[in-house]
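K.L.:
Here it is, the structure in full.
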Amino acid sequence: MAGTRFAYVRSYEQPDPLLPNTFLVVRVDGHGFHRFSDTHGFEKPNDMRALELMNHAAKDVMEAYPDIVLAFGESDEFSFMLHKSCTLFNRRHSKILTSITSHFTSAYVFHWSAHFPNTRLEYPPSFDGRVVVYPTEREVKDYFAWRQADTHINNLYNTTFWALVHRGGLSTAEAHSRLKGTVSKNKHEILFSQFGINYNVLPAIYRKGSVLLRGETTTTPGAARDGQEGSAEGGMLLIKRVKYTP
């Protein structure tokens with residue numbers, strides 16, 4: 001289009017650079033995943049197949065974008081941290097957001113059959129995304145601490161809720177009512193006293209989410225889950241070593 005009389009339309013594009021010398025976190029979140037998980041028969045409260053599919057898609061994103069140095073996933077969301085010196089797409093907000101979100105979505109669909117070989121994909125899943133700018137390491141650490149705390153709170157509730165439904169014979173309405181106003185220790189007590197479940201020994205990937213970072217070796221999601229080489233308490237996946245100086 002350059003050099004034609006139509007080239008003027010480019011002047012309507014608005015610049016959208018993100019602040020330089022700041023950490024960028026892109027969070028990708030499933031859109032309408034309550035319906036999606038019900039339609040495709042996800043196990044409650046956690047489906048390892050679904051979590052490993054999310055990890056697989058996130059690993060693909062990290063391999064495609066070396067500027068991403070760490071990612072954290074829980075349920076139907078993943079957060080990707082790009083280092084401060086990142087110049088990906090000249091730090092254009094729209095390009096970074098759409099590229100990472102679309103790559104994650106396409107990888108999720110691409111790898112579906114590997115994790116759900118006997119489940120037909122009934123309709124396309126979708127993910128939305130946002131970019132948040134953080135000025136220092138403190139805010140970045142607090143962000144990921146917040147997401148992991150959210151993982152624990154949600155999973156403890158869901159684990160107790162579905163135990164009451166599946167093993168306690170309550171309806172979903174009755175289970176919600178039973179848990180109304182309870183705190184963490186109450187849920188632990190319900191799980192242990194009624195169902196013999198010690199929440200603290202459940203797989204760490206359920207309780208603490210998945211951590212993907214760049215390191216020296218490569219592991220599979222299953223190896224990370226089982227605590228083999230290169231794993232950590234959050235289900236760590238090591239991609240490859242990169243030099244990173246904040």
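Labels for the structure tokens follow display order: chains A, B, ..., residues from 1 in each chain, ligands from 1.
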Show me, as number ranges by chain, the residues that have an atom within 12 Å of Asp76 (chain A) when counting only C-alpha atoms, minus same-chain residues fewer than 5 positions from it.

P.N.:
A: 27-34, 36-37, 42, 46-47, 50-55, 57-58, 104-105, 108, 125-129, 151, 209-210

K.L.:
So which residues of region 9-236 of chain A fall under helix (DSSP H, G or I) by DSSP, listed as a PyMOL selection string?

P.N.:
chain A and resi 9-12+33-39+48-64+88-91+93-110+112-115+137-166+172-179+184-195+199-201+204-208+221-226

K.L.:
Going by DSSP on the backbone, which residues of region 116-185 of chain A come out as strand (DSSP E or B)? List them as a ChimeraX atom specification.

P.N.:
/A:126-134

K.L.:
State, in Å with one decimal place, the distance from CA of Pro117 (chain A) to CA of Met62 (chain A).

P.N.:
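These two atoms are separated by 24.4 Å.
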
K.L.:
Which of these residues is nearest to Gly168 (chain A), using only C-alpha atoms: A:Pro17, A:Leu156, A:Gln194, A:Lys185?

P.N.:
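Smallest separation from Gly168 (chain A) among the options: A:Gln194.
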
K.L.:
Env of Asp16 (chain A): 9 Å cut, atoms = only C-alpha atoms, seq-sep filter 3 positions within chain, self excluded. Answer as a list in words.

P.N.:
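Here the qualifying residues turn out to be Arg91, Arg92, His93 and Ser94 of chain A.
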
K.L.:
Using CA of Trp146 (chain A) and CA of Ile100 (chain A) as the two end points, give the distance in Å to one decimal.

P.N.:
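Atom-to-atom, CA of Trp146 (chain A) and CA of Ile100 (chain A) are spaced 21.8 Å apart.
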
K.L.:
As a VMD selection string, please: the residues near Lys84 (chain A) (cut-off 9 Å, only C-alpha atoms, same-chain neighbours under 2 positions excluded).

P.N.:
chain A and resid 20 to 24 82 86 to 87 135 245 to 246

K.L.:
Any idea what's packed within 12 Å of Asn118 (chain A), counting only C-alpha atoms, ignoring anything in its chain fewer than 4 positions away? Could you give it as a ChimeraX atom specification?

P.N.:
/A:40-41,49,112-114

K.L.:
Determine, counting only C-alpha atoms, which protein, DNA and RNA residues have an atom within 10 Å of an atom of Asn155 (chain A); residues of the same chain fewer than 6 positions away are not included. Present the result as a list of chain:residue names.

P.N.:
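Skipping anything fewer than 6 positions along the chain leaves A:Pro45, A:Asn46, A:Glu74, A:Ser75, A:Ala149, A:Phe161, A:Tyr199, A:Tyr206, A:Arg207, A:Lys208, A:Gly209.
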
K.L.:
Take the selection from the previous step and output its residues with all heavy atoms, as a JSON list (two decimals), in the first residue's frame.

P.N.:
```
[["chain", "number", "residue", "atom", "x", "y", "z"],
["A", 45, "PRO", "N", -12.64, -32.08, 41.16],
["A", 45, "PRO", "CA", -12.36, -30.65, 41.00],
["A", 45, "PRO", "C", -11.18, -30.34, 40.07],
["A", 45, "PRO", "O", -10.99, -29.19, 39.68],
["A", 45, "PRO", "CB", -12.02, -30.22, 42.43],
["A", 45, "PRO", "CG", -11.38, -31.44, 43.02],
["A", 45, "PRO", "CD", -12.13, -32.61, 42.43],
["A", 46, "ASN", "N", -10.37, -31.35, 39.74],
["A", 46, "ASN", "CA", -9.21, -31.12, 38.88],
["A", 46, "ASN", "C", -9.14, -32.21, 37.83],
["A", 46, "ASN", "O", -9.39, -33.39, 38.11],
["A", 46, "ASN", "CB", -7.91, -31.14, 39.70],
["A", 46, "ASN", "CG", -7.81, -30.00, 40.68],
["A", 46, "ASN", "OD1", -7.64, -28.85, 40.31],
["A", 46, "ASN", "ND2", -7.91, -30.33, 41.97],
["A", 74, "GLU", "N", -2.71, -21.83, 36.43],
["A", 74, "GLU", "CA", -3.68, -22.47, 37.32],
["A", 74, "GLU", "C", -5.00, -22.57, 36.55],
["A", 74, "GLU", "O", -5.34, -21.68, 35.78],
["A", 74, "GLU", "CB", -3.90, -21.66, 38.60],
["A", 74, "GLU", "CG", -4.41, -20.24, 38.37],
["A", 74, "GLU", "CD", -5.20, -19.68, 39.55],
["A", 74, "GLU", "OE1", -5.96, -20.45, 40.16],
["A", 74, "GLU", "OE2", -5.06, -18.48, 39.82],
["A", 75, "SER", "N", -5.70, -23.67, 36.74],
["A", 75, "SER", "CA", -7.03, -23.84, 36.15],
["A", 75, "SER", "C", -7.00, -23.50, 34.66],
["A", 75, "SER", "O", -6.29, -24.13, 33.88],
["A", 75, "SER", "CB", -8.05, -22.98, 36.91],
["A", 75, "SER", "OG", -9.36, -23.21, 36.44],
["A", 149, "ALA", "N", -1.71, -17.76, 45.62],
["A", 149, "ALA", "CA", -2.67, -17.75, 46.72],
["A", 149, "ALA", "C", -4.08, -17.99, 46.19],
["A", 149, "ALA", "O", -4.88, -18.70, 46.81],
["A", 149, "ALA", "CB", -2.59, -16.42, 47.47],
["A", 161, "PHE", "N", -15.85, -28.82, 48.06],
["A", 161, "PHE", "CA", -17.18, -28.78, 47.44],
["A", 161, "PHE", "C", -17.49, -30.09, 46.72],
["A", 161, "PHE", "O", -18.54, -30.71, 46.93],
["A", 161, "PHE", "CB", -17.24, -27.60, 46.47],
["A", 161, "PHE", "CG", -18.52, -27.53, 45.69],
["A", 161, "PHE", "CD1", -19.63, -26.88, 46.20],
["A", 161, "PHE", "CD2", -18.61, -28.09, 44.42],
["A", 161, "PHE", "CE1", -20.81, -26.80, 45.48],
["A", 161, "PHE", "CE2", -19.78, -28.03, 43.69],
["A", 161, "PHE", "CZ", -20.89, -27.38, 44.22],
["A", 199, "TYR", "N", -5.53, -32.77, 52.65],
["A", 199, "TYR", "CA", -5.38, -31.84, 51.53],
["A", 199, "TYR", "C", -3.92, -31.56, 51.22],
["A", 199, "TYR", "O", -3.54, -31.40, 50.05],
["A", 199, "TYR", "CB", -6.11, -30.53, 51.85],
["A", 199, "TYR", "CG", -6.00, -29.50, 50.74],
["A", 199, "TYR", "CD1", -6.82, -29.56, 49.62],
["A", 199, "TYR", "CD2", -5.06, -28.46, 50.81],
["A", 199, "TYR", "CE1", -6.72, -28.63, 48.60],
["A", 199, "TYR", "CE2", -4.96, -27.52, 49.80],
["A", 199, "TYR", "CZ", -5.79, -27.61, 48.70],
["A", 199, "TYR", "OH", -5.68, -26.69, 47.69],
["A", 206, "TYR", "N", -2.16, -29.25, 41.78],
["A", 206, "TYR", "CA", -3.52, -28.85, 42.12],
["A", 206, "TYR", "C", -3.51, -27.70, 43.11],
["A", 206, "TYR", "O", -4.27, -26.74, 42.98],
["A", 206, "TYR", "CB", -4.29, -30.02, 42.75],
["A", 206, "TYR", "CG", -4.52, -31.20, 41.86],
["A", 206, "TYR", "CD1", -4.87, -32.44, 42.41],
["A", 206, "TYR", "CD2", -4.38, -31.13, 40.47],
["A", 206, "TYR", "CE1", -5.09, -33.55, 41.62],
["A", 206, "TYR", "CE2", -4.60, -32.24, 39.67],
["A", 206, "TYR", "CZ", -4.95, -33.45, 40.24],
["A", 206, "TYR", "OH", -5.16, -34.55, 39.46],
["A", 207, "ARG", "N", -2.65, -27.84, 44.14],
["A", 207, "ARG", "CA", -2.67, -26.89, 45.24],
["A", 207, "ARG", "C", -1.93, -25.59, 44.96],
["A", 207, "ARG", "O", -2.28, -24.54, 45.50],
["A", 207, "ARG", "CB", -2.05, -27.54, 46.49],
["A", 207, "ARG", "CG", -2.83, -28.73, 47.01],
["A", 207, "ARG", "CD", -2.15, -29.37, 48.23],
["A", 207, "ARG", "NE", -0.93, -30.07, 47.89],
["A", 207, "ARG", "CZ", 0.30, -29.68, 48.25],
["A", 207, "ARG", "NH1", 0.46, -28.58, 48.95],
["A", 207, "ARG", "NH2", 1.36, -30.38, 47.90],
["A", 208, "LYS", "N", -0.89, -25.67, 44.11],
["A", 208, "LYS", "CA", 0.00, -24.52, 43.94],
["A", 208, "LYS", "C", 0.18, -24.08, 42.50],
["A", 208, "LYS", "O", 0.88, -23.11, 42.23],
["A", 208, "LYS", "CB", 1.38, -24.84, 44.54],
["A", 208, "LYS", "CG", 1.33, -25.12, 46.03],
["A", 208, "LYS", "CD", 2.72, -25.31, 46.61],
["A", 208, "LYS", "CE", 2.67, -25.54, 48.11],
["A", 208, "LYS", "NZ", 4.02, -25.66, 48.70],
["A", 209, "GLY", "N", -0.44, -24.78, 41.56],
["A", 209, "GLY", "CA", -0.34, -24.38, 40.17],
["A", 209, "GLY", "C", 0.91, -24.91, 39.50],
["A", 209, "GLY", "O", 1.64, -25.73, 40.07]]
```
